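Structure file input-v1.cif (mmCIF, C-alpha atoms) follows.
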```cif
data_protein
#
loop_
_atom_site.label_atom_id
_atom_site.label_comp_id
_atom_site.auth_asym_id
_atom_site.auth_seq_id
_atom_site.Cartn_x
_atom_site.Cartn_y
_atom_site.Cartn_z
CA MET A 1 -10.29 -17.19 -29.54
CA ILE A 2 -10.95 -17.34 -25.84
CA GLU A 3 -12.25 -14.10 -24.45
CA ILE A 4 -11.74 -12.50 -21.07
CA LYS A 5 -15.37 -13.06 -20.24
CA ASP A 6 -15.09 -16.83 -20.73
CA ILE A 7 -12.08 -17.04 -18.43
CA ILE A 8 -13.70 -15.06 -15.65
CA GLU A 9 -17.07 -16.73 -15.80
CA LYS A 10 -15.55 -20.14 -15.20
CA TYR A 11 -15.35 -19.07 -11.58
CA PRO A 12 -18.12 -18.30 -9.07
CA ARG A 13 -18.69 -14.64 -8.30
CA GLU A 14 -16.63 -14.70 -5.15
CA LYS A 15 -13.74 -12.55 -4.12
CA ARG A 16 -11.53 -15.50 -3.20
CA TYR A 17 -11.24 -16.56 -6.85
CA THR A 18 -9.73 -13.24 -7.89
CA LEU A 19 -6.14 -14.43 -7.99
CA ALA A 20 -7.06 -17.57 -9.92
CA MET A 21 -8.85 -15.44 -12.50
CA LEU A 22 -5.89 -13.11 -12.81
CA GLN A 23 -3.54 -16.06 -13.27
CA ASP A 24 -5.73 -17.52 -16.01
CA VAL A 25 -5.95 -14.18 -17.78
CA GLN A 26 -2.18 -13.84 -17.54
CA LYS A 27 -1.72 -17.31 -19.00
CA GLN A 28 -4.07 -16.68 -21.90
CA PHE A 29 -2.93 -13.20 -22.92
CA ASN A 30 0.61 -13.11 -21.50
CA TYR A 31 -0.46 -10.03 -19.56
CA ILE A 32 -3.47 -8.57 -17.80
CA PRO A 33 -5.34 -6.22 -20.07
CA ARG A 34 -6.89 -3.22 -18.44
CA GLN A 35 -10.30 -4.35 -19.57
CA ALA A 36 -9.84 -7.67 -17.77
CA LEU A 37 -9.03 -5.94 -14.52
CA MET A 38 -12.15 -3.84 -14.83
CA MET A 39 -14.33 -6.81 -15.70
CA ILE A 40 -13.06 -8.84 -12.74
CA SER A 41 -13.61 -5.85 -10.49
CA GLU A 42 -17.23 -5.75 -11.53
CA TYR A 43 -17.69 -9.52 -11.51
CA VAL A 44 -16.49 -10.11 -7.94
CA ASP A 45 -17.58 -6.68 -6.70
CA THR A 46 -14.10 -5.60 -5.58
CA PRO A 47 -12.61 -2.12 -5.99
CA LEU A 48 -10.36 -1.70 -9.01
CA SER A 49 -7.68 -0.29 -6.71
CA SER A 50 -7.33 -3.53 -4.76
CA LEU A 51 -7.10 -5.57 -7.95
CA TYR A 52 -4.48 -3.18 -9.28
CA SER A 53 -2.63 -3.58 -6.00
CA MET A 54 -2.70 -7.35 -6.44
CA ALA A 55 -1.69 -7.28 -10.09
CA THR A 56 1.32 -5.10 -9.33
CA PHE A 57 2.30 -7.10 -6.26
CA TYR A 58 2.74 -10.55 -7.79
CA LYS A 59 5.68 -11.07 -10.09
CA ALA A 60 3.74 -13.72 -12.00
CA LEU A 61 1.25 -11.08 -13.12
CA SER A 62 2.12 -8.39 -15.61
CA LEU A 63 0.20 -5.32 -16.70
CA LYS A 64 2.38 -4.89 -19.76
CA PRO A 65 2.19 -7.37 -22.62
CA LYS A 66 4.86 -10.04 -22.30
CA GLY A 67 6.59 -11.71 -25.21
CA LYS A 68 5.57 -15.03 -26.72
CA TYR A 69 8.79 -16.52 -25.39
CA ILE A 70 9.84 -15.61 -21.88
CA ILE A 71 13.54 -15.99 -21.31
CA LYS A 72 14.40 -16.50 -17.67
CA VAL A 73 18.04 -16.20 -16.80
CA CYS A 74 18.91 -17.54 -13.38
CA ASP A 75 20.82 -15.06 -11.28
CA GLY A 76 20.99 -17.09 -8.10
CA THR A 77 24.29 -17.42 -6.29
CA ALA A 78 25.69 -20.32 -8.30
CA CYS A 79 24.61 -18.91 -11.66
CA HIS A 80 25.75 -15.45 -10.71
CA ILE A 81 29.21 -16.75 -9.90
CA ARG A 82 29.25 -18.60 -13.18
CA SER A 83 28.67 -15.23 -14.85
CA SER A 84 24.96 -15.16 -15.61
CA MET A 85 25.36 -11.41 -16.19
CA VAL A 86 27.37 -12.21 -19.32
CA LEU A 87 24.33 -14.06 -20.65
CA ILE A 88 22.12 -11.11 -19.87
CA ASP A 89 24.53 -8.81 -21.70
CA GLU A 90 24.60 -11.17 -24.65
CA ILE A 91 20.80 -11.23 -24.79
CA TYR A 92 20.88 -7.45 -24.83
CA ASN A 93 23.35 -7.51 -27.73
CA ILE A 94 21.11 -9.83 -29.73
CA LEU A 95 17.60 -8.72 -28.83
CA LYS A 96 18.19 -5.24 -27.40
CA ILE A 97 16.14 -5.95 -24.28
CA ARG A 98 17.13 -5.60 -20.68
CA ILE A 99 15.67 -7.29 -17.59
CA GLY A 100 11.91 -6.82 -17.48
CA GLU A 101 11.66 -5.65 -21.08
CA THR A 102 10.01 -7.13 -24.16
CA THR A 103 11.15 -6.95 -27.79
CA GLU A 104 9.19 -4.63 -30.04
CA ASP A 105 7.85 -7.52 -32.12
CA GLY A 106 6.42 -9.05 -28.94
CA MET A 107 8.43 -12.26 -29.35
CA PHE A 108 10.79 -12.22 -26.37
CA SER A 109 10.74 -11.03 -22.78
CA LEU A 110 13.70 -11.14 -20.45
CA GLU A 111 13.46 -11.87 -16.75
CA THR A 112 15.84 -12.94 -14.04
CA VAL A 113 14.97 -15.48 -11.37
CA ASN A 114 16.70 -16.11 -8.09
CA CYS A 115 17.17 -19.87 -8.28
CA LEU A 116 15.82 -22.68 -10.40
CA GLY A 117 17.18 -25.45 -8.25
CA SER A 118 19.53 -26.57 -11.00
CA CYS A 119 22.74 -25.12 -9.62
CA ALA A 120 24.75 -28.11 -10.82
CA ILE A 121 24.30 -26.99 -14.41
CA ALA A 122 24.84 -23.29 -13.75
CA PRO A 123 24.44 -20.92 -15.45
CA VAL A 124 20.87 -21.84 -16.26
CA MET A 125 18.51 -20.25 -18.71
CA VAL A 126 14.86 -21.17 -19.31
CA VAL A 127 12.78 -20.33 -22.35
CA ASN A 128 9.11 -20.78 -21.54
CA ASP A 129 9.35 -24.23 -19.94
CA LYS A 130 12.54 -25.53 -21.54
CA TYR A 131 15.73 -25.58 -19.47
CA TYR A 132 19.20 -24.93 -20.84
CA GLY A 133 22.24 -25.68 -18.66
CA LYS A 134 25.89 -24.62 -18.72
CA VAL A 135 24.94 -21.86 -21.09
CA THR A 136 27.63 -19.85 -22.84
CA PRO A 137 27.14 -16.58 -24.75
CA ALA A 138 27.56 -18.50 -28.03
CA MET A 139 24.81 -20.89 -26.96
CA VAL A 140 22.53 -17.98 -26.15
CA ARG A 141 22.72 -16.92 -29.78
CA GLU A 142 21.87 -20.45 -30.95
CA ILE A 143 18.97 -20.79 -28.50
CA ILE A 144 17.44 -17.50 -29.55
CA LYS A 145 17.77 -18.56 -33.19
CA GLU A 146 15.83 -21.72 -32.33
CA TYR A 147 12.87 -19.55 -31.38
CA GLY A 148 13.07 -17.44 -34.48
CA GLY A 149 14.93 -14.51 -33.05
CA GLU A 150 17.78 -12.59 -34.61
CA LYS A 151 16.47 -13.04 -38.15
CA ASN A 152 17.92 -9.85 -39.51
CA GLU A 153 21.52 -10.63 -38.74
CA MET L 1 -9.01 -7.00 35.67
CA ILE L 2 -5.95 -5.03 36.72
CA ILE L 3 -2.80 -4.77 34.67
CA LYS L 4 0.38 -2.95 35.52
CA ILE L 5 1.74 -0.51 32.95
CA ASP L 6 5.10 1.05 33.86
CA GLY L 7 4.29 0.35 37.51
CA LYS L 8 0.89 2.00 37.35
CA GLU L 9 -2.16 -0.12 38.07
CA CYS L 10 -4.76 0.18 35.32
CA THR L 11 -8.17 -1.41 35.01
CA ALA L 12 -8.78 -3.21 31.75
CA GLN L 13 -11.51 -5.20 30.07
CA LYS L 14 -10.61 -8.60 28.69
CA GLY L 15 -9.79 -8.28 25.00
CA GLU L 16 -9.16 -4.57 25.12
CA TYR L 17 -6.15 -3.35 23.17
CA LEU L 18 -3.11 -2.49 25.22
CA LEU L 19 -2.51 0.85 23.52
CA SER L 20 -5.95 2.20 24.35
CA ILE L 21 -5.63 1.10 27.98
CA ALA L 22 -2.29 2.88 28.26
CA ARG L 23 -3.54 6.04 26.61
CA ARG L 24 -6.63 6.13 28.80
CA ASN L 25 -4.34 6.07 31.80
CA GLY L 26 -2.18 8.88 30.52
CA ILE L 27 0.75 6.71 29.49
CA GLU L 28 2.15 7.90 26.20
CA ILE L 29 3.22 5.35 23.58
CA PRO L 30 4.40 6.73 20.24
CA THR L 31 2.47 5.67 17.12
CA LEU L 32 2.40 6.55 13.46
CA CYS L 33 -0.08 4.27 11.72
CA HIS L 34 -2.64 4.27 14.52
CA SER L 35 -5.87 6.22 14.37
CA ASP L 36 -8.64 5.72 16.91
CA ALA L 37 -11.13 5.81 14.08
CA LEU L 38 -9.26 3.25 11.98
CA PRO L 39 -7.61 0.82 14.37
CA GLY L 40 -5.93 -2.45 13.57
CA ILE L 41 -3.26 -1.70 10.98
CA GLY L 42 -0.24 -2.40 13.14
CA SER L 43 2.27 -1.67 10.42
CA CYS L 44 4.48 1.07 11.84
CA ARG L 45 5.50 -0.99 14.88
CA LEU L 46 6.45 2.10 16.83
CA CYS L 47 4.00 1.21 19.60
CA ILE L 48 5.91 -1.93 20.57
CA VAL L 49 6.07 -2.60 24.32
CA GLU L 50 7.43 -5.30 26.57
CA VAL L 51 4.89 -7.62 28.16
CA VAL L 52 5.97 -9.58 31.22
CA GLU L 53 3.87 -12.62 31.91
CA LYS L 54 4.73 -15.55 34.19
CA GLY L 55 8.22 -14.22 34.60
CA ARG L 56 8.86 -14.08 30.86
CA SER L 57 9.18 -10.97 28.78
CA ARG L 58 8.22 -10.58 25.14
CA VAL L 59 7.78 -7.72 22.73
CA VAL L 60 4.27 -7.07 21.39
CA THR L 61 2.63 -4.48 19.16
CA SER L 62 0.41 -2.68 21.67
CA CYS L 63 -2.12 -1.27 19.19
CA ILE L 64 -3.17 -4.76 18.11
CA PHE L 65 -2.45 -6.67 21.32
CA PRO L 66 -5.62 -7.67 23.17
CA VAL L 67 -5.10 -8.02 26.90
CA MET L 68 -6.25 -11.46 28.02
CA GLY L 69 -4.72 -11.82 31.46
CA GLU L 70 -3.06 -9.99 34.27
CA ILE L 71 0.18 -8.79 32.80
CA GLU L 72 2.90 -6.31 33.50
CA VAL L 73 3.83 -3.91 30.74
CA LEU L 74 6.96 -1.86 30.16
CA THR L 75 6.44 0.83 27.55
CA ASN L 76 9.77 2.54 27.73
CA SER L 77 12.39 -0.02 28.71
CA LYS L 78 15.90 0.13 27.33
CA LYS L 79 15.15 -2.78 25.02
CA ILE L 80 12.04 -1.07 23.64
CA ARG L 81 13.80 2.27 23.24
CA ASN L 82 16.57 0.55 21.31
CA MET L 83 14.13 -1.19 19.01
CA ARG L 84 12.24 2.03 18.38
CA LYS L 85 15.54 3.72 17.66
CA THR L 86 16.27 1.19 14.92
CA LEU L 87 12.78 1.58 13.47
CA LEU L 88 13.09 5.34 13.45
CA MET L 89 16.52 5.14 11.85
CA LEU L 90 14.98 3.15 9.00
CA TYR L 91 12.06 5.56 8.69
CA LEU L 92 14.41 8.50 8.68
CA ALA L 93 16.50 6.79 6.02
CA ARG L 94 13.38 6.65 3.85
CA VAL L 95 12.01 10.13 4.58
CA PRO L 96 15.09 12.17 5.55
CA GLU L 97 13.38 15.57 5.38
CA ASN L 98 10.12 14.76 7.13
CA GLU L 99 9.62 16.94 10.19
CA LYS L 100 7.59 14.46 12.22
CA ILE L 101 10.02 11.61 11.70
CA LYS L 102 13.01 13.90 12.22
CA LYS L 103 11.61 14.97 15.58
CA LEU L 104 10.88 11.41 16.71
CA ALA L 105 14.28 10.21 15.53
CA GLU L 106 15.96 12.95 17.49
CA GLU L 107 14.01 11.98 20.59
CA TYR L 108 15.31 8.43 20.30
CA GLY L 109 18.77 9.40 19.14
CA ALA L 110 18.39 7.67 15.79
CA VAL L 111 21.01 8.59 13.21
CA VAL L 112 21.05 7.31 9.64
CA PRO L 113 24.34 5.76 8.52
CA GLU L 114 25.89 7.43 5.50
CA ARG L 115 25.55 4.41 3.25
CA PHE L 116 21.77 4.88 3.20
CA SER L 117 20.60 7.21 0.48
CA ALA L 118 17.06 8.33 -0.14
CA ASP L 119 14.80 10.57 -2.14
CA LYS L 120 14.76 13.83 -0.18
CA SER L 121 11.27 14.74 -1.36
CA GLU L 122 9.76 11.52 -0.01
CA ASP L 123 7.42 11.86 2.98
CA CYS L 124 5.49 8.59 2.84
CA ILE L 125 6.41 5.78 5.23
CA LEU L 126 3.95 3.36 3.59
CA CYS L 127 2.00 2.71 6.77
CA GLY L 128 -1.22 2.20 4.82
CA LEU L 129 -3.46 4.39 6.97
CA CYS L 130 -4.61 6.46 3.98
CA VAL L 131 -5.57 3.31 2.08
CA LYS L 132 -7.59 2.14 5.05
CA ALA L 133 -9.30 5.51 5.41
CA CYS L 134 -10.25 5.53 1.74
CA GLU L 135 -11.56 1.98 1.97
CA SER L 136 -13.52 2.63 5.18
CA LEU L 137 -15.22 5.63 3.66
CA GLY L 138 -16.27 3.47 0.77
CA SER L 139 -14.35 4.96 -2.13
CA SER L 140 -11.37 2.63 -2.31
CA ALA L 141 -9.74 4.94 -4.82
CA ILE L 142 -6.19 4.34 -3.64
CA SER L 143 -4.16 1.28 -2.74
CA THR L 144 -0.57 0.22 -2.33
CA VAL L 145 1.03 -0.45 -5.69
CA ASN L 146 4.06 -2.63 -6.52
CA ARG L 147 6.21 -4.08 -3.82
CA GLY L 148 9.64 -3.87 -2.27
CA VAL L 149 11.59 -0.72 -3.02
CA THR L 150 9.11 0.44 -5.66
CA LYS L 151 6.08 0.16 -3.37
CA LYS L 152 3.96 3.28 -3.19
CA VAL L 153 0.43 4.49 -2.60
CA SER L 154 -1.42 5.41 -5.76
CA THR L 155 -4.57 5.20 -7.83
CA PRO L 156 -4.91 2.44 -10.45
CA TYR L 157 -2.58 3.13 -13.41
CA ASP L 158 -1.54 6.39 -11.67
CA GLU L 159 -4.50 8.03 -13.36
CA PRO L 160 -7.22 10.26 -11.91
CA SER L 161 -9.59 7.84 -10.24
CA LYS L 162 -13.27 7.59 -11.04
CA GLU L 163 -13.92 6.58 -7.44
CA CYS L 164 -12.09 9.46 -5.75
CA ILE L 165 -14.46 12.09 -4.36
CA GLY L 166 -11.70 14.44 -3.24
CA CYS L 167 -12.69 14.23 0.41
CA GLY L 168 -9.06 14.49 1.50
CA SER L 169 -9.43 11.88 4.24
CA CYS L 170 -6.19 10.26 3.08
CA ALA L 171 -4.34 13.51 3.69
CA TYR L 172 -6.18 14.10 6.95
CA VAL L 173 -5.14 10.80 8.54
CA CYS L 174 -1.58 10.74 7.16
CA PRO L 175 0.87 10.75 10.09
CA THR L 176 3.69 12.27 8.08
CA ASN L 177 1.77 14.76 5.94
CA ALA L 178 2.87 12.99 2.81
CA MET L 179 -0.25 13.61 0.78
CA LYS L 180 0.01 16.39 -1.73
CA ILE L 181 -3.25 18.29 -1.62
CA LYS L 182 -3.58 21.66 -3.30
CA GLU L 183 -6.36 24.19 -2.97
CA LYS L 184 -6.53 27.25 -5.17
CA ASP L 185 -9.40 29.44 -6.39
CA GLY L 186 -12.07 27.00 -5.23
CA ILE L 187 -10.38 24.01 -6.85
CA ARG L 188 -8.90 21.18 -4.84
CA THR L 189 -6.31 19.02 -6.55
CA ILE L 190 -5.55 15.60 -5.14
CA TRP L 191 -4.38 12.38 -6.81
CA ASN L 192 -4.06 14.19 -10.16
CA LYS L 193 -7.74 15.09 -10.14
CA ASP L 194 -9.41 18.48 -9.81
CA PHE L 195 -12.47 18.99 -7.65
CA LYS L 196 -14.73 21.98 -7.45
CA LEU L 197 -15.09 23.16 -3.86
CA ILE L 198 -18.39 24.28 -2.44
CA LYS L 199 -18.84 27.28 -0.17
CA CYS L 200 -20.71 27.26 3.11
CA GLU L 201 -23.96 29.21 2.75
CA LYS L 202 -23.39 31.03 5.98
CA CYS L 203 -19.72 31.81 6.47
CA GLY L 204 -18.70 31.56 2.84
CA GLU L 205 -15.77 29.24 3.40
CA TYR L 206 -15.01 26.30 1.16
CA PHE L 207 -15.88 23.14 3.04
CA ALA L 208 -16.47 20.21 0.70
CA THR L 209 -16.19 19.07 -2.89
CA LYS L 210 -19.16 18.71 -5.20
CA GLU L 211 -18.41 15.00 -5.54
CA GLN L 212 -18.40 14.58 -1.77
CA ILE L 213 -21.90 16.05 -1.43
CA GLU L 214 -23.15 13.91 -4.28
CA TYR L 215 -21.61 10.83 -2.73
CA ILE L 216 -23.19 11.43 0.67
CA ASN L 217 -26.57 12.13 -0.91
CA LYS L 218 -26.40 8.93 -2.90
CA LYS L 219 -25.15 6.76 -0.08
CA LYS L 220 -27.38 8.03 2.68
CA GLY L 221 -30.37 9.10 0.66
CA PHE L 222 -30.01 12.66 1.98
CA ASN L 223 -30.46 15.82 0.12
CA LEU L 224 -27.69 17.95 1.44
CA GLU L 225 -28.20 20.58 -1.21
CA ASP L 226 -30.96 22.03 0.94
CA GLU L 227 -28.47 22.97 3.56
CA MET L 228 -24.94 23.67 2.42
CA LEU L 229 -23.25 24.41 5.71
CA CYS L 230 -19.74 23.72 6.91
CA ASP L 231 -19.40 21.74 10.12
CA LYS L 232 -18.74 24.83 12.22
CA CYS L 233 -21.90 26.57 11.05
CA LYS L 234 -23.85 23.34 11.33
CA LYS L 235 -22.76 22.96 14.93
CA LYS L 236 -23.67 26.54 15.63
CA LYS L 237 -27.08 26.04 14.12
CA ALA L 238 -27.66 22.89 16.14
CA GLY L 239 -26.59 24.75 19.26
CA GLU L 240 -29.02 27.56 18.57
CA ARG L 241 -31.81 25.10 17.99
CA LEU L 242 -31.03 23.39 21.28
CA LYS L 243 -31.04 26.74 23.04
CA GLU L 244 -34.47 27.52 21.63
CA VAL L 245 -35.86 24.18 22.72
CA PHE L 246 -34.39 24.61 26.16
CA GLU L 247 -35.78 28.10 26.57
CA ASP L 248 -39.21 26.99 25.40
CA TYR L 249 -39.09 24.24 27.93
CA ARG L 250 -38.21 26.61 30.76
CA GLU L 251 -41.02 28.93 29.91
#
```

If you convert what's in this file into structure tokens, what do you get?
Amino acid sequence: MIEIKDIIEKYPREKRYTLAMLQDVQKQFNYIPRQALMMISEYVDTPLSSLYSMATFYKALSLKPKGKYIIKVCDGTACHIRSSMVLIDEIYNILKIRIGETTEDGMFSLETVNCLGSCAIAPVMVVNDKYYGKVTPAMVREIIKEYGGEKNE
Amino acid sequence: MIIKIDGKECTAQKGEYLLSIARRNGIEIPTLCHSDALPGIGSCRLCIVEVVEKGRSRVVTSCIFPVMGEIEVLTNSKKIRNMRKTLLMLYLARVPENEKIKKLAEEYGAVVPERFSADKSEDCILCGLCVKACESLGSSAISTVNRGVTKKVSTPYDEPSKECIGCGSCAYVCPTNAMKIKEKDGIRTIWNKDFKLIKCEKCGEYFATKEQIEYINKKKGFNLEDEMLCDKCKKKKAGERLKEVFEDYRE
């Protein structure tokens, strides 16, 4: 198990590495634990308030635990027109999470993105790093099943 | 070097900021985020002026614009007034009940279109002056949190901050009086934290928090507890001392 300390101490004690540390912590834990923020603050001698400001500013950083699988539904123009909102509604029906939320079991998080550059296969959905194109509500159900969701039904 | 502001010839040093030159010469430029003690934010943009150089005009932010050559400045042209009007309309849309912004908006004839809705209790225009004050004084208890429409000024996790010493500088510098600071029965409440206020030994008025005194002692190696005086009484005491010295000298 990699600990926060190991991640932080890979970097020199300089303020300019703060964001890199935060990104690594985010990658390892799927969120930024409070303790990590405090440790980085001490390590690079930066006020906690400015780190908190940073952590809340970047979308890539989260202060709340994110799910193991992050579902990104594209809601750019092309996907929006091809009814990406229907996918979002379907995900809510299956997992009971809305945009920005995480399932109680910590398995899935739902986010929207503004464009994935794959407008030709709109609507697009991405789970972690896997892309799914021309997604229909029925496919959403199948995809979520692939990742072990919707077991109870 | 001589620059011309609204037709008036003003002497300026190279690199001096335009706003301070104008103010020194009695030319009023409206500002919100500017404080002489904490210059350089340049976020409110209300101090924009037109600079004419080599026959070309451009809009600059006067509080952070260093004068490098002989220029002509227009602080209140139609173009500038129009731009300020738009800025004030947006500010008013955000803080519809704020007296300061309301007054400025009226001066520039800014009216908020109906389609804009806002929280009526909001007074903060997010200029960042309070954050800078807190940082400059060394506490760094507050910062801007989130971004876009959810951006706000707060302490980490919206909790009472360990760093905050309750000095109230954030409230003191705030151009729109947005900071909620409460004082009751010798307790000051700010940023969800209570501070015990200390009375001046002489006049008996509350003048600082316990944490403030401790902070100054620690930082400067003083021992202020020997002399707990408010600034008015301190000034008076210094004046009296000076008088004594002066009288001794005359004798």

Counting all atoms listed in the file, which residues of chain L sit at most 8 Å from some atom of chain A, and what is each one's closest atom pair with its distance in Å to one decimal, listed by chain and rising residue number, as JSON lines?
```
{"residue": "L:Ser140", "atom": "CA", "partner": "A:Pro47", "partner_atom": "CA", "distance": 6.1}
{"residue": "L:Ala141", "atom": "CA", "partner": "A:Ser49", "partner_atom": "CA", "distance": 5.9}
{"residue": "L:Ile142", "atom": "CA", "partner": "A:Ser49", "partner_atom": "CA", "distance": 5.8}
{"residue": "L:Ser143", "atom": "CA", "partner": "A:Ser49", "partner_atom": "CA", "distance": 5.5}
{"residue": "L:Thr144", "atom": "CA", "partner": "A:Ser53", "partner_atom": "CA", "distance": 5.7}
{"residue": "L:Val145", "atom": "CA", "partner": "A:Ser53", "partner_atom": "CA", "distance": 4.8}
{"residue": "L:Asn146", "atom": "CA", "partner": "A:Thr56", "partner_atom": "CA", "distance": 4.6}
{"residue": "L:Arg147", "atom": "CA", "partner": "A:Phe57", "partner_atom": "CA", "distance": 5.5}
{"residue": "L:Thr155", "atom": "CA", "partner": "A:Ser49", "partner_atom": "CA", "distance": 6.4}
{"residue": "L:Pro156", "atom": "CA", "partner": "A:Ser49", "partner_atom": "CA", "distance": 5.4}
{"residue": "L:Tyr157", "atom": "CA", "partner": "A:Tyr52", "partner_atom": "CA", "distance": 7.8}
```

Which residues come within 12 Å of A:Asp75, counting only C-alpha atoms, excluding same-chain residues fewer than 5 positions away, as an mmCIF file with C-alpha atoms, in the coordinates of the input?
```cif
data_model
loop_
_atom_site.group_PDB
_atom_site.id
_atom_site.type_symbol
_atom_site.label_atom_id
_atom_site.label_comp_id
_atom_site.auth_asym_id
_atom_site.auth_seq_id
_atom_site.Cartn_x
_atom_site.Cartn_y
_atom_site.Cartn_z
ATOM 1 C CA HIS A 80 25.750 -15.450 -10.710
ATOM 2 C CA ILE A 81 29.210 -16.750 -9.900
ATOM 3 C CA ARG A 82 29.250 -18.600 -13.180
ATOM 4 C CA SER A 83 28.670 -15.230 -14.850
ATOM 5 C CA SER A 84 24.960 -15.160 -15.610
ATOM 6 C CA MET A 85 25.360 -11.410 -16.190
ATOM 7 C CA VAL A 86 27.370 -12.210 -19.320
ATOM 8 C CA LEU A 87 24.330 -14.060 -20.650
ATOM 9 C CA ILE A 88 22.120 -11.110 -19.870
ATOM 10 C CA ILE A 99 15.670 -7.290 -17.590
ATOM 11 C CA GLU A 111 13.460 -11.870 -16.750
ATOM 12 C CA THR A 112 15.840 -12.940 -14.040
ATOM 13 C CA VAL A 113 14.970 -15.480 -11.370
ATOM 14 C CA ASN A 114 16.700 -16.110 -8.090
ATOM 15 C CA CYS A 115 17.170 -19.870 -8.280
ATOM 16 C CA LEU A 116 15.820 -22.680 -10.400
ATOM 17 C CA GLY A 117 17.180 -25.450 -8.250
ATOM 18 C CA SER A 118 19.530 -26.570 -11.000
ATOM 19 C CA CYS A 119 22.740 -25.120 -9.620
ATOM 20 C CA ALA A 122 24.840 -23.290 -13.750
ATOM 21 C CA PRO A 123 24.440 -20.920 -15.450
ATOM 22 C CA VAL A 124 20.870 -21.840 -16.260
ATOM 23 C CA MET A 125 18.510 -20.250 -18.710
ATOM 24 C CA VAL A 126 14.860 -21.170 -19.310
#
```

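Separating atom CA of L:Asp194 from atom CA of L:Asp231 is a distance of 22.5 Å.
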
Legend entry - Test item: residues at most 12 Å from L:Thr176, all atoms listed in the file, excluding those fewer than 3 positions along its chain, as a count of residues only: 32

Inset, instruction - List every protein, DNA or RNA residue that has an atom no more than 8 Å from (1.6, -5.4, 19.7) in the file's coordinate frame, counting only C-alpha atoms, and report them as a list in words. - result: Leu18, Gly42, Arg45, Cys47, Ile48, Val49, Val59, Val60, Thr61, Ser62, Cys63, Ile64 and Phe65 of chain L

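Run against this file, the PyMOL selection byres ((chain L and resi 107-113) around 6) gives back Lys85, Met89, Ala93, Leu104, Ala105, Glu106, Glu114, Arg115 and Phe116 of chain L.
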
Dump of C-alpha atoms for the selected residues, as a PDB file, in the coordinates of the input:
```
ATOM      1  CA  LYS L  85      15.540   3.720  17.660  1.00  0.00           C
ATOM      2  CA  MET L  89      16.520   5.140  11.850  1.00  0.00           C
ATOM      3  CA  ALA L  93      16.500   6.790   6.020  1.00  0.00           C
ATOM      4  CA  LEU L 104      10.880  11.410  16.710  1.00  0.00           C
ATOM      5  CA  ALA L 105      14.280  10.210  15.530  1.00  0.00           C
ATOM      6  CA  GLU L 106      15.960  12.950  17.490  1.00  0.00           C
ATOM      7  CA  GLU L 114      25.890   7.430   5.500  1.00  0.00           C
ATOM      8  CA  ARG L 115      25.550   4.410   3.250  1.00  0.00           C
ATOM      9  CA  PHE L 116      21.770   4.880   3.200  1.00  0.00           C
TER      10      PHE L 116
END
```

Legend entry - Which residue of A:Ile121, A:Ala60, A:Ile8, A:Leu95 approaches A:Gly148 most closely, using only C-alpha atoms: A:Leu95

Inset, instruction - Write out as a ChimeraX atom specification the residues lying within 12 Å of A:Tyr17, counting all atoms listed in the file and excluding same-chain residues fewer than 4 positions away. - result: /A:7-13,21-24,40-41,43-46,51

Legend entry - Option closest in space to A:Tyr131, from A:Met39, A:Asn30, A:Ile71, A:Ile91 [counting all atoms listed in the file]: A:Ile71

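Each of L:Arg58, L:Lys162, L:Arg250, L:Lys78 was checked against L:Phe195 using only C-alpha atoms; the smallest atom-to-atom distance is that of L:Lys162.
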
Inset, instruction - Counting all atoms listed in the file, note down every residue that has an atom within 12 Å of the point (-21.2, 27.7, 2.3) (file coordinates), as a count of residues only. - result: 26

Residues selected by the PyMOL selection byres ((chain A and resi 101) around 12), written as an mmCIF file with C-alpha atoms, in the coordinates of the input:
```cif
data_model
loop_
_atom_site.group_PDB
_atom_site.id
_atom_site.type_symbol
_atom_site.label_atom_id
_atom_site.label_comp_id
_atom_site.auth_asym_id
_atom_site.auth_seq_id
_atom_site.Cartn_x
_atom_site.Cartn_y
_atom_site.Cartn_z
ATOM 1 C CA SER A 62 2.120 -8.390 -15.610
ATOM 2 C CA LYS A 64 2.380 -4.890 -19.760
ATOM 3 C CA PRO A 65 2.190 -7.370 -22.620
ATOM 4 C CA LYS A 66 4.860 -10.040 -22.300
ATOM 5 C CA GLY A 67 6.590 -11.710 -25.210
ATOM 6 C CA ILE A 70 9.840 -15.610 -21.880
ATOM 7 C CA ILE A 71 13.540 -15.990 -21.310
ATOM 8 C CA LYS A 72 14.400 -16.500 -17.670
ATOM 9 C CA ILE A 88 22.120 -11.110 -19.870
ATOM 10 C CA ILE A 91 20.800 -11.230 -24.790
ATOM 11 C CA TYR A 92 20.880 -7.450 -24.830
ATOM 12 C CA LEU A 95 17.600 -8.720 -28.830
ATOM 13 C CA LYS A 96 18.190 -5.240 -27.400
ATOM 14 C CA ILE A 97 16.140 -5.950 -24.280
ATOM 15 C CA ARG A 98 17.130 -5.600 -20.680
ATOM 16 C CA ILE A 99 15.670 -7.290 -17.590
ATOM 17 C CA GLY A 100 11.910 -6.820 -17.480
ATOM 18 C CA THR A 102 10.010 -7.130 -24.160
ATOM 19 C CA THR A 103 11.150 -6.950 -27.790
ATOM 20 C CA GLU A 104 9.190 -4.630 -30.040
ATOM 21 C CA ASP A 105 7.850 -7.520 -32.120
ATOM 22 C CA GLY A 106 6.420 -9.050 -28.940
ATOM 23 C CA MET A 107 8.430 -12.260 -29.350
ATOM 24 C CA PHE A 108 10.790 -12.220 -26.370
ATOM 25 C CA SER A 109 10.740 -11.030 -22.780
ATOM 26 C CA LEU A 110 13.700 -11.140 -20.450
ATOM 27 C CA GLU A 111 13.460 -11.870 -16.750
ATOM 28 C CA THR A 112 15.840 -12.940 -14.040
#
```
